[in-house]
file coords-v7.txt (compact mmCIF, N, CA and C atoms)
# COMPACT_ATOMS: atom_id res chain seq x y z
N MET A 1 -2.75 -10.89 18.06
CA MET A 1 -1.96 -10.26 19.07
C MET A 1 -2.90 -9.78 20.17
N GLY A 2 -2.56 -10.05 21.41
CA GLY A 2 -3.39 -9.67 22.54
C GLY A 2 -3.35 -8.17 22.79
N ARG A 3 -4.31 -7.71 23.57
CA ARG A 3 -4.43 -6.29 23.86
C ARG A 3 -3.18 -5.75 24.57
N LYS A 4 -2.69 -6.50 25.55
CA LYS A 4 -1.51 -6.09 26.31
C LYS A 4 -0.29 -6.01 25.38
N THR A 5 -0.13 -7.00 24.51
CA THR A 5 0.98 -7.02 23.57
C THR A 5 0.90 -5.83 22.62
N SER A 6 -0.31 -5.51 22.14
CA SER A 6 -0.50 -4.37 21.25
C SER A 6 -0.11 -3.06 21.93
N GLN A 7 -0.47 -2.93 23.21
CA GLN A 7 -0.14 -1.72 23.95
C GLN A 7 1.37 -1.58 24.13
N ILE A 8 2.02 -2.68 24.44
CA ILE A 8 3.48 -2.66 24.61
C ILE A 8 4.15 -2.29 23.30
N LYS A 9 3.69 -2.88 22.20
CA LYS A 9 4.26 -2.58 20.89
C LYS A 9 4.07 -1.11 20.54
N ALA A 10 2.88 -0.57 20.81
CA ALA A 10 2.61 0.84 20.52
C ALA A 10 3.52 1.75 21.33
N GLN A 11 3.76 1.40 22.59
CA GLN A 11 4.66 2.20 23.44
C GLN A 11 6.09 2.15 22.92
N MET A 12 6.53 0.97 22.51
CA MET A 12 7.89 0.83 21.98
C MET A 12 8.07 1.61 20.69
N VAL A 13 7.08 1.53 19.81
CA VAL A 13 7.15 2.25 18.53
C VAL A 13 7.22 3.75 18.79
N SER A 14 6.40 4.22 19.72
CA SER A 14 6.38 5.65 20.06
C SER A 14 7.70 6.09 20.69
N THR A 15 8.18 5.33 21.65
CA THR A 15 9.41 5.67 22.36
C THR A 15 10.61 5.66 21.43
N MET A 16 10.68 4.67 20.57
CA MET A 16 11.82 4.54 19.67
C MET A 16 11.67 5.38 18.40
N GLU A 17 10.51 6.03 18.25
CA GLU A 17 10.22 6.88 17.09
C GLU A 17 10.39 6.12 15.77
N ILE A 18 9.88 4.90 15.74
CA ILE A 18 9.91 4.08 14.53
C ILE A 18 8.74 4.50 13.65
N PRO A 19 8.96 4.75 12.36
CA PRO A 19 7.85 5.12 11.48
C PRO A 19 6.78 4.02 11.45
N ARG A 20 5.49 4.45 11.43
CA ARG A 20 4.37 3.50 11.46
C ARG A 20 4.40 2.53 10.29
N ASP A 21 4.82 2.98 9.09
CA ASP A 21 4.83 2.08 7.95
C ASP A 21 5.80 0.92 8.16
N LEU A 22 6.88 1.15 8.90
CA LEU A 22 7.82 0.07 9.19
C LEU A 22 7.33 -0.82 10.32
N ALA A 23 6.86 -0.20 11.38
CA ALA A 23 6.46 -0.96 12.57
C ALA A 23 5.22 -1.81 12.33
N TYR A 24 4.26 -1.29 11.60
CA TYR A 24 2.98 -1.99 11.41
C TYR A 24 2.78 -2.49 9.98
N GLN A 25 3.79 -2.35 9.15
CA GLN A 25 3.73 -2.76 7.74
C GLN A 25 2.53 -2.15 7.03
N GLU A 26 2.28 -0.87 7.30
CA GLU A 26 1.17 -0.17 6.66
C GLU A 26 1.56 0.21 5.24
N VAL A 27 0.55 0.35 4.40
CA VAL A 27 0.77 0.73 3.02
C VAL A 27 1.21 2.19 2.98
N LEU A 28 2.21 2.47 2.17
CA LEU A 28 2.71 3.82 1.99
C LEU A 28 2.57 4.17 0.52
N LEU A 29 1.83 5.25 0.22
CA LEU A 29 1.60 5.68 -1.15
C LEU A 29 2.33 6.98 -1.41
N THR A 30 3.02 7.05 -2.54
CA THR A 30 3.63 8.29 -2.99
C THR A 30 3.01 8.59 -4.35
N VAL A 31 2.19 9.63 -4.39
CA VAL A 31 1.46 9.98 -5.61
C VAL A 31 2.12 11.19 -6.25
N THR A 32 2.40 11.10 -7.53
CA THR A 32 2.96 12.21 -8.29
C THR A 32 1.93 12.64 -9.32
N GLY A 33 1.25 13.76 -9.02
CA GLY A 33 0.19 14.24 -9.92
C GLY A 33 -0.85 13.16 -10.12
N ASN A 34 -1.32 13.04 -11.35
CA ASN A 34 -2.26 11.97 -11.68
C ASN A 34 -1.64 10.98 -12.65
N THR A 35 -0.29 10.93 -12.66
CA THR A 35 0.39 10.07 -13.63
C THR A 35 1.17 8.91 -13.03
N SER A 36 1.43 8.94 -11.73
CA SER A 36 2.15 7.81 -11.15
C SER A 36 1.88 7.68 -9.66
N VAL A 37 1.96 6.44 -9.20
CA VAL A 37 1.83 6.15 -7.77
C VAL A 37 2.82 5.04 -7.43
N CYS A 38 3.56 5.25 -6.34
CA CYS A 38 4.46 4.24 -5.83
C CYS A 38 3.80 3.64 -4.59
N VAL A 39 3.64 2.33 -4.57
CA VAL A 39 2.98 1.63 -3.47
C VAL A 39 4.03 0.79 -2.76
N GLU A 40 4.16 1.03 -1.45
CA GLU A 40 5.10 0.24 -0.64
C GLU A 40 4.32 -0.61 0.36
N ASN A 41 4.83 -1.75 0.69
CA ASN A 41 4.27 -2.68 1.68
C ASN A 41 2.96 -3.33 1.22
N TYR A 42 2.87 -3.70 -0.04
CA TYR A 42 1.73 -4.47 -0.51
C TYR A 42 2.06 -5.95 -0.38
N ARG A 43 1.05 -6.79 -0.43
CA ARG A 43 1.29 -8.24 -0.30
C ARG A 43 1.29 -8.96 -1.64
N SER A 44 0.28 -8.69 -2.48
CA SER A 44 0.23 -9.37 -3.78
C SER A 44 -0.67 -8.61 -4.75
N ILE A 45 -0.55 -8.96 -6.03
CA ILE A 45 -1.39 -8.39 -7.08
C ILE A 45 -2.58 -9.31 -7.27
N LEU A 46 -3.80 -8.78 -7.09
CA LEU A 46 -5.01 -9.57 -7.27
C LEU A 46 -5.57 -9.44 -8.68
N GLU A 47 -5.44 -8.26 -9.27
CA GLU A 47 -5.96 -8.02 -10.62
C GLU A 47 -5.13 -6.93 -11.28
N TYR A 48 -4.87 -7.10 -12.58
CA TYR A 48 -4.07 -6.11 -13.30
C TYR A 48 -4.57 -5.99 -14.73
N THR A 49 -5.17 -4.84 -15.04
CA THR A 49 -5.57 -4.51 -16.41
C THR A 49 -5.11 -3.08 -16.69
N THR A 50 -5.33 -2.61 -17.91
CA THR A 50 -4.95 -1.23 -18.23
C THR A 50 -5.88 -0.21 -17.59
N GLN A 51 -7.02 -0.68 -17.03
CA GLN A 51 -7.96 0.22 -16.36
C GLN A 51 -7.96 0.08 -14.84
N LYS A 52 -7.42 -1.02 -14.30
CA LYS A 52 -7.48 -1.25 -12.86
C LYS A 52 -6.32 -2.11 -12.38
N VAL A 53 -5.77 -1.69 -11.23
CA VAL A 53 -4.78 -2.50 -10.53
C VAL A 53 -5.34 -2.71 -9.12
N LEU A 54 -5.53 -3.97 -8.74
CA LEU A 54 -6.07 -4.31 -7.43
C LEU A 54 -4.99 -5.06 -6.65
N LEU A 55 -4.62 -4.51 -5.49
CA LEU A 55 -3.55 -5.08 -4.69
C LEU A 55 -4.09 -5.53 -3.34
N LEU A 56 -3.51 -6.59 -2.81
CA LEU A 56 -3.81 -7.04 -1.46
C LEU A 56 -2.80 -6.40 -0.52
N THR A 57 -3.30 -5.82 0.57
CA THR A 57 -2.43 -5.23 1.59
C THR A 57 -2.74 -5.90 2.92
N LYS A 58 -1.99 -5.55 3.93
CA LYS A 58 -2.21 -6.14 5.25
C LYS A 58 -3.60 -5.81 5.79
N ASN A 59 -4.12 -4.63 5.47
CA ASN A 59 -5.39 -4.17 6.01
C ASN A 59 -6.55 -4.21 5.02
N GLY A 60 -6.41 -4.89 3.92
CA GLY A 60 -7.50 -4.97 2.93
C GLY A 60 -6.96 -4.87 1.52
N ARG A 61 -7.81 -4.35 0.65
CA ARG A 61 -7.44 -4.24 -0.76
C ARG A 61 -7.28 -2.77 -1.15
N LEU A 62 -6.35 -2.52 -2.05
CA LEU A 62 -6.10 -1.19 -2.59
C LEU A 62 -6.39 -1.24 -4.08
N GLN A 63 -7.30 -0.37 -4.54
CA GLN A 63 -7.67 -0.35 -5.95
C GLN A 63 -7.25 0.97 -6.58
N ILE A 64 -6.53 0.87 -7.67
CA ILE A 64 -6.11 2.03 -8.44
C ILE A 64 -6.76 1.92 -9.80
N THR A 65 -7.54 2.93 -10.18
CA THR A 65 -8.23 2.90 -11.47
C THR A 65 -7.78 4.08 -12.32
N GLY A 66 -7.94 3.92 -13.63
CA GLY A 66 -7.55 4.96 -14.56
C GLY A 66 -7.52 4.44 -15.99
N LYS A 67 -6.69 5.06 -16.80
CA LYS A 67 -6.54 4.68 -18.21
C LYS A 67 -5.06 4.44 -18.49
N CYS A 68 -4.80 3.49 -19.35
CA CYS A 68 -3.43 3.16 -19.78
C CYS A 68 -2.51 2.87 -18.59
N LEU A 69 -3.04 2.19 -17.56
CA LEU A 69 -2.24 1.86 -16.39
C LEU A 69 -1.21 0.80 -16.74
N GLU A 70 -0.04 0.95 -16.18
CA GLU A 70 1.05 0.01 -16.43
C GLU A 70 1.91 -0.10 -15.19
N ILE A 71 2.27 -1.30 -14.82
CA ILE A 71 3.21 -1.50 -13.72
C ILE A 71 4.61 -1.36 -14.32
N GLN A 72 5.26 -0.24 -14.00
CA GLN A 72 6.59 0.04 -14.55
C GLN A 72 7.66 -0.82 -13.93
N SER A 73 7.55 -1.00 -12.60
CA SER A 73 8.53 -1.83 -11.91
C SER A 73 7.93 -2.32 -10.60
N TYR A 74 8.44 -3.44 -10.10
CA TYR A 74 7.99 -3.91 -8.81
C TYR A 74 9.01 -4.85 -8.20
N THR A 75 9.01 -4.85 -6.87
CA THR A 75 9.80 -5.79 -6.09
C THR A 75 8.81 -6.46 -5.14
N SER A 76 9.31 -7.22 -4.20
CA SER A 76 8.43 -7.92 -3.27
C SER A 76 7.68 -6.96 -2.34
N ASP A 77 8.14 -5.72 -2.20
CA ASP A 77 7.44 -4.80 -1.31
C ASP A 77 7.20 -3.41 -1.87
N GLU A 78 7.56 -3.15 -3.12
CA GLU A 78 7.37 -1.83 -3.72
C GLU A 78 6.98 -1.95 -5.18
N MET A 79 6.06 -1.07 -5.62
CA MET A 79 5.57 -1.12 -6.99
C MET A 79 5.36 0.30 -7.52
N LEU A 80 5.72 0.54 -8.78
CA LEU A 80 5.48 1.82 -9.44
C LEU A 80 4.45 1.62 -10.54
N ILE A 81 3.34 2.33 -10.44
CA ILE A 81 2.26 2.26 -11.42
C ILE A 81 2.16 3.61 -12.11
N THR A 82 2.13 3.59 -13.45
CA THR A 82 2.01 4.83 -14.21
C THR A 82 0.79 4.76 -15.13
N GLY A 83 0.39 5.90 -15.64
CA GLY A 83 -0.76 6.01 -16.53
C GLY A 83 -1.56 7.24 -16.12
N HIS A 84 -2.80 7.30 -16.55
CA HIS A 84 -3.70 8.40 -16.15
C HIS A 84 -4.55 7.88 -14.99
N ILE A 85 -4.14 8.21 -13.77
CA ILE A 85 -4.81 7.71 -12.56
C ILE A 85 -6.00 8.59 -12.22
N THR A 86 -7.17 7.96 -12.10
CA THR A 86 -8.38 8.72 -11.78
C THR A 86 -8.89 8.49 -10.36
N GLU A 87 -8.53 7.34 -9.76
CA GLU A 87 -9.03 7.06 -8.41
C GLU A 87 -8.11 6.07 -7.68
N ILE A 88 -7.94 6.33 -6.40
CA ILE A 88 -7.23 5.41 -5.50
C ILE A 88 -8.17 5.15 -4.33
N ALA A 89 -8.50 3.87 -4.08
CA ALA A 89 -9.47 3.57 -3.04
C ALA A 89 -9.02 2.36 -2.22
N PHE A 90 -9.26 2.45 -0.91
CA PHE A 90 -9.05 1.30 -0.02
C PHE A 90 -10.38 0.59 0.14
N LEU A 91 -10.42 -0.71 -0.15
CA LEU A 91 -11.63 -1.50 -0.08
C LEU A 91 -11.53 -2.47 1.09
N ASN A 92 -12.65 -2.75 1.72
CA ASN A 92 -12.67 -3.73 2.83
C ASN A 92 -12.96 -5.11 2.32

call {"tool": "encode", "arguments": {"input": "coords-v7.txt", "output": "structure tokens"}}
result
Amino acid sequence: MGRKTSQIKAQMVSTMEIPRDLAYQEVLLTVTGNTSVCVENYRSILEYTTQKVLLLTKNGRLQITGKCLEIQSYTSDEMLITGHITEIAFLN
């Protein structure tokens, strides 16, 4: 996307008060304590073990580490991960 197009899009998003996660398909995390995380706007699952879940997002990779991790549910754009979560990191 060109610079001018990006500026126009940013102005439209601001003027229309569209949430950034919708307009730019940014990852949205909802963390509940250290036992669950809901991830919205991910692209695909790269790795899944009981110690690590690695997801591809629009802006890179998202790594969730812990113990007894389990994907409770998922759709094409939302996922619920439960277990003992010790770290959430965005990787380049």

call {"tool": "residues_near_point", "arguments": {"input": "coords-v7.txt", "point": "(-0.4, -7.1, 5.1)", "cutoff": "7 Å", "atoms": "all atoms listed in the file", "output": "PyMOL selection string"}}
result
chain A and resi 25+41-43+56-60

call {"tool": "residues_around", "arguments": {"input": "coords-v7.txt", "residues": "stretch 72-88 of chain A", "least_positions_apart": "5", "cutoff": "9 Å", "atoms": "only C-alpha atoms", "output": "short mmCIF file (atom, residue, chain, number, x, y, z; two decimals) with N, CA and C atoms, in the coordinates of the input"}}
result
data_model
loop_
_atom_site.label_atom_id
_atom_site.label_comp_id
_atom_site.auth_asym_id
_atom_site.auth_seq_id
_atom_site.Cartn_x
_atom_site.Cartn_y
_atom_site.Cartn_z
N GLY A 33 1.25 13.76 -9.02
CA GLY A 33 0.19 14.24 -9.92
C GLY A 33 -0.85 13.16 -10.12
N ASN A 34 -1.32 13.04 -11.35
CA ASN A 34 -2.26 11.97 -11.68
C ASN A 34 -1.64 10.98 -12.65
N THR A 35 -0.29 10.93 -12.66
CA THR A 35 0.39 10.07 -13.63
C THR A 35 1.17 8.91 -13.03
N SER A 36 1.43 8.94 -11.73
CA SER A 36 2.15 7.81 -11.15
C SER A 36 1.88 7.68 -9.66
N VAL A 37 1.96 6.44 -9.20
CA VAL A 37 1.83 6.15 -7.77
C VAL A 37 2.82 5.04 -7.43
N CYS A 38 3.56 5.25 -6.34
CA CYS A 38 4.46 4.24 -5.83
C CYS A 38 3.80 3.64 -4.59
N VAL A 39 3.64 2.33 -4.57
CA VAL A 39 2.98 1.63 -3.47
C VAL A 39 4.03 0.79 -2.76
N GLU A 40 4.16 1.03 -1.45
CA GLU A 40 5.10 0.24 -0.64
C GLU A 40 4.32 -0.61 0.36
N ASN A 41 4.83 -1.75 0.69
CA ASN A 41 4.27 -2.68 1.68
C ASN A 41 2.96 -3.33 1.22
N TYR A 42 2.87 -3.70 -0.04
CA TYR A 42 1.73 -4.47 -0.51
C TYR A 42 2.06 -5.95 -0.38
N ARG A 43 1.05 -6.79 -0.43
CA ARG A 43 1.29 -8.24 -0.30
C ARG A 43 1.29 -8.96 -1.64
N SER A 44 0.28 -8.69 -2.48
CA SER A 44 0.23 -9.37 -3.78
C SER A 44 -0.67 -8.61 -4.75
N THR A 50 -5.33 -2.61 -17.91
CA THR A 50 -4.95 -1.23 -18.23
C THR A 50 -5.88 -0.21 -17.59
N GLN A 51 -7.02 -0.68 -17.03
CA GLN A 51 -7.96 0.22 -16.36
C GLN A 51 -7.96 0.08 -14.84
N VAL A 53 -5.77 -1.69 -11.23
CA VAL A 53 -4.78 -2.50 -10.53
C VAL A 53 -5.34 -2.71 -9.12
N LEU A 62 -6.35 -2.52 -2.05
CA LEU A 62 -6.10 -1.19 -2.59
C LEU A 62 -6.39 -1.24 -4.08
N GLN A 63 -7.30 -0.37 -4.54
CA GLN A 63 -7.67 -0.35 -5.95
C GLN A 63 -7.25 0.97 -6.58
N ILE A 64 -6.53 0.87 -7.67
CA ILE A 64 -6.11 2.03 -8.44
C ILE A 64 -6.76 1.92 -9.80
N THR A 65 -7.54 2.93 -10.18
CA THR A 65 -8.23 2.90 -11.47
C THR A 65 -7.78 4.08 -12.32
N GLY A 66 -7.94 3.92 -13.63
CA GLY A 66 -7.55 4.96 -14.56
C GLY A 66 -7.52 4.44 -15.99
N LYS A 67 -6.69 5.06 -16.80
CA LYS A 67 -6.54 4.68 -18.21
C LYS A 67 -5.06 4.44 -18.49
#

call {"tool": "axis_aligned_box", "arguments": {"input": "coords-v7.txt", "around": "stretch 31-48 of chain A", "padding_each_side": "5 Å", "output": "AutoDock Vina command-line options"}}
result
--center_x -0.4 --center_y 2.3 --center_z -6.5 --size_x 21.1 --size_y 33.8 --size_z 26.4

call {"tool": "atom_distance", "arguments": {"input": "coords-v7.txt", "atom1": "atom C of A:Asn92", "atom2": "atom C of A:Leu29"}}
result
19.8 Å

call {"tool": "atom_distance", "arguments": {"input": "coords-v7.txt", "atom1": "atom N of A:Gly2", "atom2": "atom N of A:Ala89"}}
result
29.6 Å

call {"tool": "select_by_dssp", "arguments": {"input": "coords-v7.txt", "residues": "stretch 42-80 of chain A", "states": "strand (DSSP E)", "output": "PyMOL selection string"}}
result
chain A and resi 42-48+52-57+60-74+78-80

call {"tool": "atom_distance", "arguments": {"input": "coords-v7.txt", "atom1": "atom N of A:Phe90", "atom2": "atom CA of A:Glu47"}}
result
14.7 Å

call {"tool": "build_atoms", "arguments": {"input": "coords-v7.txt", "residues": "stretch 76-87 of chain A", "atoms": "all heavy atoms", "output": "CSV table (one decimal), in the coordinates of the input"}}
result
chain,number,residue,atom,x,y,z
A,76,SER,N,9.3,-7.2,-4.2
A,76,SER,CA,8.4,-7.9,-3.3
A,76,SER,C,7.7,-7.0,-2.3
A,76,SER,O,6.7,-7.3,-1.8
A,76,SER,CB,9.2,-8.9,-2.5
A,76,SER,OG,10.2,-8.3,-1.7
A,77,ASP,N,8.1,-5.7,-2.2
A,77,ASP,CA,7.4,-4.8,-1.3
A,77,ASP,C,7.2,-3.4,-1.9
A,77,ASP,O,6.6,-2.6,-1.2
A,77,ASP,CB,8.2,-4.7,0.0
A,77,ASP,CG,9.6,-4.2,-0.1
A,77,ASP,OD1,10.0,-3.9,-1.2
A,77,ASP,OD2,10.2,-4.0,1.0
A,78,GLU,N,7.6,-3.2,-3.1
A,78,GLU,CA,7.4,-1.8,-3.7
A,78,GLU,C,7.0,-2.0,-5.2
A,78,GLU,O,7.5,-2.8,-5.9
A,78,GLU,CB,8.7,-1.0,-3.6
A,78,GLU,CG,8.6,0.4,-4.1
A,78,GLU,CD,9.8,1.2,-3.8
A,78,GLU,OE1,10.3,1.2,-2.7
A,78,GLU,OE2,10.3,1.8,-4.8
A,79,MET,N,6.1,-1.1,-5.6
A,79,MET,CA,5.6,-1.1,-7.0
A,79,MET,C,5.4,0.3,-7.5
A,79,MET,O,4.8,1.2,-6.8
A,79,MET,CB,4.2,-1.9,-7.0
A,79,MET,CG,3.6,-1.9,-8.4
A,79,MET,SD,2.0,-2.8,-8.3
A,79,MET,CE,2.5,-4.4,-7.7
A,80,LEU,N,5.7,0.5,-8.8
A,80,LEU,CA,5.5,1.8,-9.4
A,80,LEU,C,4.4,1.6,-10.5
A,80,LEU,O,4.7,0.8,-11.5
A,80,LEU,CB,6.8,2.4,-10.0
A,80,LEU,CG,6.6,3.7,-10.8
A,80,LEU,CD1,6.1,4.8,-9.9
A,80,LEU,CD2,7.9,4.1,-11.5
A,81,ILE,N,3.3,2.3,-10.4
A,81,ILE,CA,2.3,2.3,-11.4
A,81,ILE,C,2.2,3.6,-12.1
A,81,ILE,O,2.1,4.6,-11.4
A,81,ILE,CB,0.9,1.9,-10.7
A,81,ILE,CG1,1.0,0.6,-10.0
A,81,ILE,CG2,-0.2,1.9,-11.7
A,81,ILE,CD1,-0.1,0.3,-9.1
A,82,THR,N,2.1,3.6,-13.4
A,82,THR,CA,2.0,4.8,-14.2
A,82,THR,C,0.8,4.8,-15.1
A,82,THR,O,0.2,3.7,-15.4
A,82,THR,CB,3.3,5.1,-15.1
A,82,THR,OG1,3.4,4.0,-16.0
A,82,THR,CG2,4.5,5.3,-14.2
A,83,GLY,N,0.4,5.9,-15.6
A,83,GLY,CA,-0.8,6.0,-16.5
A,83,GLY,C,-1.6,7.2,-16.1
A,83,GLY,O,-1.1,8.1,-15.4
A,84,HIS,N,-2.8,7.3,-16.6
A,84,HIS,CA,-3.7,8.4,-16.2
A,84,HIS,C,-4.6,7.9,-15.0
A,84,HIS,O,-5.5,7.2,-15.2
A,84,HIS,CB,-4.6,8.8,-17.3
A,84,HIS,CG,-5.5,10.0,-17.0
A,84,HIS,ND1,-5.1,11.2,-16.8
A,84,HIS,CD2,-6.8,9.9,-16.7
A,84,HIS,CE1,-6.1,12.0,-16.5
A,84,HIS,NE2,-7.2,11.2,-16.4
A,85,ILE,N,-4.1,8.2,-13.8
A,85,ILE,CA,-4.8,7.7,-12.6
A,85,ILE,C,-6.0,8.6,-12.2
A,85,ILE,O,-5.9,9.8,-12.1
A,85,ILE,CB,-3.8,7.6,-11.4
A,85,ILE,CG1,-2.7,6.7,-11.7
A,85,ILE,CG2,-4.5,7.2,-10.1
A,85,ILE,CD1,-1.5,6.8,-10.8
A,86,THR,N,-7.2,8.0,-12.1
A,86,THR,CA,-8.4,8.7,-11.8
A,86,THR,C,-8.9,8.5,-10.4
A,86,THR,O,-9.6,9.3,-9.8
A,86,THR,CB,-9.5,8.4,-12.8
A,86,THR,OG1,-9.8,7.0,-12.7
A,86,THR,CG2,-9.2,8.8,-14.2
A,87,GLU,N,-8.5,7.3,-9.8
A,87,GLU,CA,-9.0,7.1,-8.4
A,87,GLU,C,-8.1,6.1,-7.7
A,87,GLU,O,-7.6,5.1,-8.3
A,87,GLU,CB,-10.4,6.5,-8.5
A,87,GLU,CG,-11.1,6.2,-7.1
A,87,GLU,CD,-12.5,5.6,-7.3
A,87,GLU,OE1,-12.8,5.1,-8.3
A,87,GLU,OE2,-13.2,5.7,-6.3
